[in-house]
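Heads up, entry_15.txt below (compact mmCIF, C-alpha atoms):
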```txt
# COMPACT_ATOMS: atom_id res chain seq x y z
CA MET A 1 22.12 3.47 54.60
CA ARG A 2 25.82 2.94 55.17
CA PRO A 3 27.99 3.63 52.13
CA ARG A 4 29.60 0.63 50.45
CA PRO A 5 33.37 0.57 51.02
CA ALA A 6 35.43 1.50 48.00
CA HIS A 7 37.17 -1.30 46.17
CA THR A 8 40.91 -1.34 46.85
CA ALA A 9 43.13 -2.47 43.98
CA PRO A 10 45.96 -4.87 44.83
CA PRO A 11 49.35 -3.18 45.18
CA GLN A 12 51.48 -3.07 42.04
CA ARG A 13 55.23 -3.58 41.90
CA PRO A 14 57.11 -0.39 40.94
CA GLY A 15 57.33 -0.08 37.18
CA ALA A 16 54.80 -2.81 36.48
CA VAL A 17 51.97 -0.50 35.35
CA GLY A 18 54.15 1.63 33.13
CA ALA A 19 55.89 -1.32 31.53
CA ALA A 20 52.61 -3.11 30.93
CA CYS A 21 51.21 0.04 29.29
CA ALA A 22 54.16 0.18 26.90
CA PHE A 23 52.40 -2.51 24.91
CA GLY A 24 48.72 -2.87 24.15
CA ALA A 25 46.85 -6.15 23.83
CA ALA A 26 47.47 -6.15 20.07
CA ASP A 27 51.21 -5.74 20.63
CA PHE A 28 51.30 -8.64 23.05
CA ALA A 29 49.44 -10.74 20.46
CA ALA A 30 52.02 -9.74 17.86
CA LEU A 31 54.79 -11.15 20.07
CA ASP A 32 53.18 -14.58 19.69
CA GLN A 33 54.05 -14.49 15.98
CA LEU A 34 57.77 -14.52 16.78
CA ALA A 35 59.87 -17.68 16.82
CA THR A 36 62.26 -16.11 19.35
CA LEU A 37 61.53 -16.36 23.08
CA VAL A 38 60.24 -13.00 24.34
CA ALA A 39 59.35 -11.69 27.79
CA VAL A 40 58.30 -8.20 28.88
CA VAL A 41 59.48 -7.52 32.43
CA ASP A 42 59.59 -4.66 34.90
CA ARG A 43 62.86 -3.11 36.09
CA GLN A 44 63.00 -5.54 39.01
CA GLY A 45 62.89 -8.51 36.62
CA HIS A 46 59.30 -9.66 37.23
CA CYS A 47 57.57 -11.07 34.16
CA LEU A 48 54.65 -9.06 32.77
CA HIS A 49 54.13 -11.07 29.60
CA ALA A 50 55.63 -14.17 27.96
CA ASN A 51 55.06 -15.00 24.30
CA ALA A 52 53.99 -18.41 22.99
CA ALA A 53 57.53 -19.47 22.06
CA LEU A 54 58.82 -18.80 25.59
CA GLU A 55 55.77 -20.52 27.08
CA ALA A 56 56.57 -23.65 25.05
CA ALA A 57 60.31 -23.50 25.81
CA LEU A 58 59.76 -23.28 29.57
CA GLY A 59 56.96 -25.85 29.58
CA LEU A 60 54.57 -23.72 31.65
CA PRO A 61 51.45 -21.73 30.70
CA ARG A 62 52.02 -17.99 30.63
CA ARG A 63 49.61 -17.41 33.51
CA SER A 64 52.14 -19.30 35.67
CA LEU A 65 55.05 -17.23 34.33
CA VAL A 66 53.52 -13.77 34.85
CA GLY A 67 54.76 -12.27 38.10
CA GLU A 68 57.76 -14.61 38.37
CA ASP A 69 61.32 -13.35 38.62
CA VAL A 70 62.84 -14.13 35.22
CA ARG A 71 66.29 -14.42 36.79
CA GLY A 72 65.10 -17.67 38.30
CA TRP A 73 64.85 -19.08 34.76
CA LEU A 74 68.61 -18.80 34.24
CA VAL A 75 71.35 -21.09 35.50
CA ASP A 76 73.49 -18.04 36.38
CA PRO A 77 71.21 -15.03 37.05
CA ALA A 78 74.04 -12.65 38.06
CA PRO A 79 74.77 -11.13 34.60
CA LEU A 80 71.09 -10.36 33.96
CA HIS A 81 70.75 -8.96 37.49
CA GLU A 82 73.59 -6.53 36.81
CA VAL A 83 72.18 -5.49 33.40
CA LEU A 84 68.74 -4.79 34.91
CA ALA A 85 70.37 -2.68 37.63
CA GLN A 86 72.28 -0.67 35.02
CA LEU A 87 69.09 -0.15 33.00
CA ASP A 88 67.31 1.04 36.13
CA ARG A 89 70.11 3.54 36.85
CA GLY A 90 70.00 4.76 33.23
CA GLU A 91 73.60 3.69 32.56
CA LEU A 92 72.69 1.80 29.38
CA ALA A 93 69.71 1.25 27.07
CA SER A 94 70.40 -2.26 25.83
CA SER A 95 72.75 -5.15 26.27
CA ARG A 96 73.40 -8.64 24.96
CA LEU A 97 74.73 -11.66 26.81
CA LEU A 98 74.89 -15.45 26.70
CA ALA A 99 72.84 -17.47 29.18
CA GLN A 100 71.55 -20.93 29.98
CA LEU A 101 67.76 -21.13 30.14
CA HIS A 102 66.74 -23.34 33.04
CA PRO A 103 63.21 -24.84 33.29
CA PRO A 104 61.51 -23.46 36.43
CA ALA A 105 59.95 -25.68 39.09
CA GLY A 106 56.77 -27.32 37.89
CA SER A 107 57.81 -27.17 34.24
CA VAL A 108 57.16 -30.17 32.02
CA GLN A 109 60.86 -29.90 31.09
CA ALA A 110 62.04 -30.13 34.68
CA GLY A 111 63.43 -33.40 36.00
CA PRO A 112 66.37 -34.85 37.94
CA GLN A 113 68.56 -33.39 35.18
CA PRO A 114 66.58 -30.47 33.66
CA LEU A 115 66.87 -29.97 29.92
CA GLU A 116 68.70 -26.63 29.77
CA ARG A 117 69.00 -24.52 26.63
CA ALA A 118 71.79 -22.14 25.61
CA VAL A 119 70.40 -18.78 24.46
CA GLN A 120 71.63 -15.40 23.33
CA LEU A 121 69.79 -12.88 25.49
CA SER A 122 69.06 -9.35 24.25
CA VAL A 123 67.94 -6.87 26.94
CA SER A 124 66.36 -3.56 25.85
CA ALA A 125 64.74 -0.73 27.80
CA LEU A 126 61.21 0.11 26.67
CA ASP A 127 60.11 3.67 26.04
CA ALA A 128 57.43 3.78 28.76
CA PRO A 129 56.70 6.31 31.53
CA ALA A 130 57.57 3.96 34.38
CA GLY A 131 60.03 1.93 32.36
CA GLY A 132 59.96 -1.67 31.30
CA VAL A 133 62.35 -4.15 29.75
CA LEU A 134 62.11 -6.37 26.70
CA LEU A 135 63.97 -9.68 26.88
CA GLU A 136 64.48 -11.53 23.62
CA MET A 137 66.15 -14.94 23.68
CA SER A 138 67.40 -16.75 20.59
CA ALA A 139 68.05 -20.43 21.13
CA LEU A 140 71.58 -21.14 19.92
CA ASP A 141 70.55 -24.68 18.98
CA LEU A 142 67.53 -23.54 16.91
CA GLN A 143 69.41 -23.50 13.60
CA LEU A 144 71.07 -26.82 14.44
CA ARG A 145 67.68 -28.37 15.23
CA SER A 146 66.23 -27.05 11.98
CA GLU A 147 69.13 -28.48 10.02
CA ARG A 148 68.84 -31.80 11.86
CA GLU A 149 65.11 -31.98 11.10
CA ARG A 150 65.79 -31.28 7.42
CA ARG A 151 68.46 -34.00 7.27
CA ILE A 152 66.17 -36.50 8.97
CA GLN A 153 63.37 -35.73 6.50
CA GLU A 154 65.66 -36.14 3.51
CA LEU A 155 67.04 -39.37 4.96
CA ALA A 156 63.53 -40.67 5.64
CA GLN A 157 62.53 -40.06 2.01
CA ALA A 158 65.65 -41.83 0.76
CA ASN A 159 65.11 -44.69 3.20
CA GLY A 160 61.48 -45.06 2.11
CA GLU A 161 62.55 -45.48 -1.52
CA LEU A 162 65.33 -47.87 -0.52
CA LEU A 163 62.98 -49.99 1.59
CA ARG A 164 60.39 -50.26 -1.19
CA ASN A 165 63.05 -51.46 -3.63
CA LEU A 166 64.53 -53.82 -1.05
CA ALA A 167 61.12 -55.29 -0.24
CA HIS A 168 60.51 -56.03 -3.91
CA GLU A 169 63.88 -57.75 -4.24
CA VAL A 170 63.45 -59.79 -1.03
CA ARG A 171 59.85 -60.90 -1.47
CA ASN A 172 60.24 -62.76 -4.76
CA PRO A 173 62.97 -65.21 -3.63
CA LEU A 174 61.37 -65.40 -0.19
CA GLY A 175 58.13 -66.67 -1.70
CA GLY A 176 60.05 -69.28 -3.70
CA ILE A 177 61.97 -70.47 -0.64
CA ARG A 178 58.78 -70.85 1.39
CA GLY A 179 57.03 -72.73 -1.44
CA ALA A 180 59.94 -75.15 -1.84
CA ALA A 181 59.98 -75.82 1.90
CA GLN A 182 56.25 -76.56 1.89
CA LEU A 183 56.78 -79.08 -0.94
CA LEU A 184 59.44 -80.82 1.18
CA LEU A 185 56.94 -81.08 4.02
CA MET A 186 54.53 -82.92 1.73
CA GLU A 187 57.11 -85.59 0.87
CA PRO A 188 57.58 -88.68 3.10
CA THR A 189 61.13 -87.70 4.03
CA ALA A 190 63.22 -88.31 7.07
CA PRO A 191 62.09 -86.50 10.27
CA ALA A 192 65.26 -84.46 10.28
CA LEU A 193 64.52 -83.07 6.81
CA ALA A 194 60.93 -82.29 7.79
CA GLU A 195 62.18 -80.39 10.82
CA CYS A 196 64.54 -78.37 8.61
CA ALA A 197 61.69 -77.62 6.19
CA GLN A 198 59.50 -76.37 9.04
CA LEU A 199 62.35 -74.15 10.21
CA ILE A 200 62.68 -72.69 6.71
CA VAL A 201 58.93 -71.93 6.59
CA ARG A 202 59.02 -70.21 10.00
CA GLU A 203 62.04 -68.09 9.09
CA ALA A 204 60.53 -67.16 5.73
CA ASP A 205 57.36 -66.02 7.51
CA ARG A 206 59.41 -64.02 9.99
CA LEU A 207 61.30 -62.24 7.21
CA HIS A 208 58.03 -61.60 5.38
CA ALA A 209 56.61 -59.98 8.53
CA LEU A 210 59.76 -57.86 8.86
CA VAL A 211 59.35 -56.61 5.29
CA ASP A 212 55.70 -55.78 6.02
CA ARG A 213 56.73 -53.74 9.06
CA LEU A 214 59.32 -51.85 7.01
CA LEU A 215 56.74 -50.97 4.39
CA ALA A 216 53.78 -50.27 6.70
CA PRO A 217 54.02 -46.45 6.73
CA HIS A 218 54.75 -46.24 3.00
CA ARG A 219 51.69 -48.15 1.80
CA GLY A 220 48.86 -46.26 0.19
CA ALA A 221 47.00 -43.23 1.49
CA LEU A 222 46.06 -42.53 5.08
CA ARG A 223 42.62 -43.63 6.26
CA VAL A 224 41.69 -40.18 7.50
CA GLY A 225 38.99 -39.57 10.07
CA ASP A 226 38.37 -37.62 13.27
CA VAL A 227 40.96 -38.52 15.90
CA ASN A 228 40.82 -37.87 19.64
CA LEU A 229 44.43 -37.72 20.84
CA HIS A 230 43.51 -38.61 24.42
CA GLU A 231 41.57 -41.67 23.29
CA VAL A 232 44.72 -42.76 21.38
CA CYS A 233 46.83 -42.19 24.51
CA GLU A 234 44.45 -44.13 26.73
CA HIS A 235 44.42 -47.05 24.29
CA VAL A 236 48.23 -47.15 24.24
CA ARG A 237 48.43 -46.72 28.01
CA ALA A 238 46.16 -49.74 28.55
CA LEU A 239 48.25 -51.90 26.19
CA VAL A 240 51.60 -51.02 27.77
CA GLN A 241 50.25 -51.21 31.33
CA ALA A 242 48.92 -54.72 30.64
CA GLU A 243 52.31 -55.74 29.24
CA TYR A 244 54.50 -54.37 32.06
CA GLY A 245 52.15 -54.53 35.04
CA PRO A 246 51.73 -52.20 38.03
CA ALA A 247 55.48 -51.87 38.64
CA LEU A 248 55.52 -49.37 35.76
CA VAL A 249 53.68 -46.15 36.59
CA ILE A 250 52.15 -44.36 33.60
CA GLU A 251 50.95 -40.90 34.55
CA ARG A 252 48.61 -38.66 32.53
CA ASP A 253 48.87 -34.89 32.19
CA TYR A 254 46.30 -33.97 29.56
CA ASP A 255 45.18 -30.61 28.22
CA THR A 256 41.48 -31.32 27.80
CA SER A 257 41.03 -28.29 25.53
CA ILE A 258 42.77 -30.07 22.63
CA PRO A 259 40.19 -30.58 19.86
CA GLU A 260 39.78 -33.59 17.61
CA PHE A 261 41.81 -33.47 14.41
CA ARG A 262 41.95 -35.24 11.07
CA GLY A 263 44.30 -38.20 10.86
CA ASP A 264 44.70 -41.96 10.57
CA ARG A 265 43.83 -43.29 14.02
CA GLY A 266 45.34 -46.73 13.44
CA GLN A 267 48.66 -45.34 12.27
CA LEU A 268 48.80 -42.84 15.13
CA VAL A 269 48.09 -45.56 17.69
CA GLN A 270 51.03 -47.48 16.23
CA ALA A 271 53.32 -44.43 16.37
CA VAL A 272 52.46 -43.58 19.99
CA LEU A 273 52.66 -47.26 20.99
CA ASN A 274 56.16 -47.54 19.49
CA VAL A 275 57.40 -44.52 21.42
CA VAL A 276 55.81 -45.49 24.75
CA ARG A 277 56.91 -49.12 24.44
CA ASN A 278 60.42 -47.94 23.59
CA ALA A 279 60.45 -45.97 26.86
CA ALA A 280 59.10 -48.95 28.82
CA GLN A 281 61.74 -51.25 27.33
CA ALA A 282 64.53 -48.79 28.21
CA LEU A 283 63.27 -48.58 31.80
CA ALA A 284 63.07 -52.38 32.09
CA ALA A 285 66.52 -52.94 30.54
CA SER A 286 68.16 -50.43 32.89
CA ALA A 287 66.29 -51.73 35.96
CA THR A 288 65.35 -48.14 36.83
CA PRO A 289 63.96 -47.95 40.37
CA GLN A 290 60.37 -46.66 40.45
CA PRO A 291 60.05 -46.56 36.64
CA ARG A 292 57.69 -43.84 35.47
CA ILE A 293 56.35 -42.65 32.13
CA VAL A 294 54.36 -39.42 31.73
CA LEU A 295 51.98 -38.85 28.81
CA ARG A 296 51.53 -35.10 28.45
CA THR A 297 49.45 -33.21 25.87
CA ARG A 298 49.67 -29.51 25.10
CA VAL A 299 48.70 -27.02 22.40
CA ARG A 300 51.66 -25.20 20.86
CA ARG A 301 51.35 -21.86 19.09
CA GLN A 302 53.34 -20.50 16.16
CA VAL A 303 55.54 -23.53 15.56
CA THR A 304 57.56 -24.60 12.54
CA LEU A 305 57.06 -28.21 11.48
CA GLY A 306 58.63 -29.65 8.38
CA GLY A 307 59.80 -26.20 7.26
CA ARG A 308 56.27 -24.72 7.45
CA ARG A 309 54.93 -22.27 10.02
CA HIS A 310 51.71 -23.32 11.76
CA ARG A 311 49.51 -21.19 13.97
CA LEU A 312 48.47 -24.13 16.17
CA ALA A 313 49.82 -27.63 16.71
CA LEU A 314 49.22 -30.33 19.26
CA ALA A 315 52.16 -31.82 21.11
CA LEU A 316 52.28 -35.19 22.86
CA GLN A 317 55.26 -35.62 25.16
CA VAL A 318 56.35 -39.07 26.30
CA GLN A 319 58.68 -38.54 29.26
CA ASP A 320 60.46 -41.24 31.24
CA ASN A 321 62.91 -41.29 34.12
CA GLY A 322 65.26 -43.82 32.53
CA PRO A 323 68.96 -43.59 31.72
CA GLY A 324 68.46 -41.32 28.69
CA VAL A 325 69.73 -41.73 25.14
CA PRO A 326 73.50 -42.19 24.61
CA GLU A 327 75.09 -39.12 23.06
CA ALA A 328 76.45 -41.16 20.16
CA MET A 329 72.94 -42.34 19.22
CA ARG A 330 70.98 -39.08 19.40
CA GLU A 331 71.68 -38.12 15.78
CA ARG A 332 70.78 -41.62 14.55
CA ILE A 333 67.92 -42.63 16.82
CA PHE A 334 65.28 -42.34 14.06
CA HIS A 335 67.39 -44.13 11.43
CA PRO A 336 66.24 -47.61 10.33
CA LEU A 337 67.75 -50.64 12.08
CA VAL A 338 69.48 -48.51 14.73
CA SER A 339 68.79 -49.79 18.24
CA GLY A 340 70.43 -49.21 21.59
CA ARG A 341 68.81 -52.33 23.05
CA GLU A 342 70.13 -55.84 22.60
CA GLY A 343 67.69 -57.79 20.47
CA GLY A 344 65.87 -54.65 19.29
CA SER A 345 64.85 -54.40 15.63
CA GLY A 346 65.57 -50.67 15.37
CA LEU A 347 62.28 -50.10 13.54
CA GLY A 348 59.91 -48.74 16.20
CA LEU A 349 61.09 -45.13 16.24
CA THR A 350 61.71 -45.16 12.49
CA LEU A 351 58.10 -46.15 11.84
CA ALA A 352 56.85 -43.57 14.35
CA HIS A 353 58.84 -40.88 12.54
CA ALA A 354 57.46 -41.95 9.14
CA ILE A 355 53.87 -41.90 10.45
CA LEU A 356 54.33 -38.42 11.94
CA GLN A 357 55.74 -37.21 8.62
CA GLN A 358 52.66 -38.51 6.83
CA HIS A 359 50.60 -36.31 9.18
CA ARG A 360 52.83 -33.27 8.37
CA GLY A 361 54.29 -33.51 11.87
CA THR A 362 57.60 -34.20 13.57
CA ILE A 363 59.05 -36.24 16.40
CA GLU A 364 61.94 -34.92 18.49
CA CYS A 365 64.02 -36.29 21.32
CA GLU A 366 65.63 -34.40 24.20
CA ALA A 367 67.45 -36.51 26.73
CA ALA A 368 69.54 -36.25 29.86
CA PRO A 369 70.31 -38.87 32.52
CA GLY A 370 67.09 -39.41 34.44
CA CYS A 371 64.85 -37.59 31.96
CA SER A 372 64.11 -38.41 28.32
CA VAL A 373 61.37 -36.58 26.44
CA PHE A 374 60.03 -37.58 23.03
CA THR A 375 57.73 -34.90 21.57
CA LEU A 376 55.27 -35.81 18.82
CA SER A 377 53.89 -32.70 17.11
CA ILE A 378 51.03 -32.52 14.58
CA PRO A 379 49.67 -29.28 13.03
CA LEU A 380 46.04 -28.40 13.75
CA ASN A 381 45.70 -25.93 10.86
```
Translate this file's structure into structure tokens.
Amino acid sequence: MRPRPAHTAPPQRPGAVGAACAFGAADFAALDQLATLVAVVDRQGHCLHANAALEAALGLPRRSLVGEDVRGWLVDPAPLHEVLAQLDRGELASSRLLAQLHPPAGSVQAGPQPLERAVQLSVSALDAPAGGVLLEMSALDLQLRSERERRIQELAQANGELLRNLAHEVRNPLGGIRGAAQLLLMEPTAPALAECAQLIVREADRLHALVDRLLAPHRGALRVGDVNLHEVCEHVRALVQAEYGPALVIERDYDTSIPEFRGDRGQLVQAVLNVVRNAAQALAASATPQPRIVLRTRVRRQVTLGGRRHRLALALQVQDNGPGVPEAMRERIFHPLVSGREGGSGLGLTLAHAILQQHRGTIECEAAPGCSVFTLSIPLN
């Protein structure tokens, strides 16, 4: 019987085996606990491992990042190229530099104007037989984002109290005005007066509905049950598609591994609908050619939401190819009665933010011309 040919292992890049052996599986798992963006690379700059924070920042699963040249993730790769060369020659053991993290091709963050991120990059040689390199990136905007999230939460709490008090003050006279107008309609008065009375009733009803919308997320406890995020997305997609027709393309990019979670389905449908409809309205108002919205779901690991660290969270991204959010509005976009659209009430995103807060989650916006991304995050643990 002829002997079976020996199995031939695929060729390894120089340094890859040694660098990979510098960490065990447990060490790689430990890197996922870090909030900083971490990659283990060989001396030629090829990625051996990316932690969960880097995976989320680049918008690609780590299996797609392993083997890639990390210099391709930077706007200007030359400084890192020189540092890696010096490490390889043994001229230094560590270095620190500033860089711009650039989403690679295929990333959910990539677009006509990719959403770049300024980082401080620490480069350290690993103590391994064949050598390896640890890259640790700290997002320079991380502290600013944390502070912004805290301010928005405090403002939302103050606004909620203000709106409840305002609703109480508005409703009492509003009910009296409507009742008086209905009495006028019952009297045999001149047609002109009857028309004015009808107008008063309609406007009183409109203001009453506005007050109800302001108070909607602050009323009572959530009606909690099992929620399927993709079922929520499909429901919203059908509503918006019916409203705007086939000219608006709504794409789906779902992670089918996302489990059901506990939440208020009705409130979450309203939150997602507000965000998606806001994107559709921006596309329509700007007459964007080939308007497109992408609904994307992902699982995020080791994220901080509302000042608390969570092992797992789900993330729904609503991405559009519209004109983006004006710079002057980005800090105020979730404030009540702030709208960048003529005739807009300025309540849609405010209500979405309040609903996400009730679910211990957050909503964030990153925007550039040609690519706006709203990310709704909810903890799973």
Output, as lines of an AutoDock Vina configuration file, the centre and edge lengths in Å (one decimal) of the axis-aligned box that contains all listed atoms of region 309-324 of chain A with 8 Å of margin on each side.
```
center_x = 58.7
center_y = -32.5
center_z = 22.1
size_x = 36.5
size_y = 38.6
size_z = 40.1
```
| note | Pairwise distance, CA of Ile250 (chain A) with CA of Gly361 (chain A), equals 24.4 Å
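Taking CA of Val75 (chain A) and CA of Gln100 (chain A) as the two end points, the separation is 5.5 Å.
Between CA of Val70 (chain A) and CA of Asp320 (chain A) lies a distance of 27.5 Å.
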| task | Can you pull out every residue within 8 Å of Pro379 (chain A), counting all atoms listed in the file, but drop anything in the same chain fewer than 5 positions away, and send it as JSON, numbers by chain? | result | {"A": [305, 310, 312, 313, 314, 360, 361]}
Suppose we keep C-alpha atoms; can you now write the selection as a PDB file, in the coordinates of the input?
```
ATOM      1  CA  LEU A 305      57.060 -28.210  11.480  1.00  0.00           C
ATOM      2  CA  HIS A 310      51.710 -23.320  11.760  1.00  0.00           C
ATOM      3  CA  LEU A 312      48.470 -24.130  16.170  1.00  0.00           C
ATOM      4  CA  ALA A 313      49.820 -27.630  16.710  1.00  0.00           C
ATOM      5  CA  LEU A 314      49.220 -30.330  19.260  1.00  0.00           C
ATOM      6  CA  ARG A 360      52.830 -33.270   8.370  1.00  0.00           C
ATOM      7  CA  GLY A 361      54.290 -33.510  11.870  1.00  0.00           C
TER       8      GLY A 361
END
```
| Any idea what's packed within 8 Å of Ala352 (chain A), counting all atoms listed in the file, ignoring anything in its chain fewer than 4 positions away? Could you give it as a list of chain:residue names? | A:Gln270, A:Ala271, A:Val272, A:Asn274, A:Val275, A:Gly348, A:Leu356, A:Ile363
Expected file contents, prior selection, C-alpha atoms, as a CSV table (one decimal), keeping the file's coordinate frame:
```csv
chain,number,residue,atom,x,y,z
A,270,GLN,CA,51.0,-47.5,16.2
A,271,ALA,CA,53.3,-44.4,16.4
A,272,VAL,CA,52.5,-43.6,20.0
A,274,ASN,CA,56.2,-47.5,19.5
A,275,VAL,CA,57.4,-44.5,21.4
A,348,GLY,CA,59.9,-48.7,16.2
A,356,LEU,CA,54.3,-38.4,11.9
A,363,ILE,CA,59.0,-36.2,16.4
```
